[in-house]
Amino acid sequence: MIVLINAFCSSIEKASTSLVSFSDLGTTTFIKVIGTGIYSGEKEIVVSIEKADITGISFDDQSYQYNGTSHKLEITGTLPNGVTVEYYLGNDVFEGATTVNVYEITAKFTVNTNYNELDDMTATLEIYKA
């Protein structure tokens, strides 16, 4: 992609600046033309957007006293748009447990092309006797 940013005016001091924002990976070439006459020029600037790390996410152990209701674990933190999490007990999707037991739950993340992979996280859910 090539973006042409024009700022025509009578002097460099009066030149305006245009801001362009991008949110997807890749390389963009900007050609910026400033001024007219002896103040004209062209400069090629290449900007690369690389994959970002996802930070601020945790998955912590929890204990609950048995009360007959379903209990589950969830991550803390905010996932970026396009990133999802699903919880597993072994190979099965985990939606909660009601039985007295200790469960090892895995949070598995699906990321879009703008982010580096996020490793699976494991936490323990304990439901103990009343």
# chains A, B, ... in the order shown; residues from 1 in each chain; ligands from 1
>>> residues_around(residues="range 102-112 of chain A", least_positions_apart="4", cutoff="12 Å", atoms="only C-alpha atoms", output="VMD selection string")
chain A and resid 24 to 25 51 to 54 57 to 66 71 to 76 79 to 98 116 to 129
>>> atom_distance(atom1="CA of Gly68 in chain A", atom2="CA of Asn101 in chain A")
12.7 Å
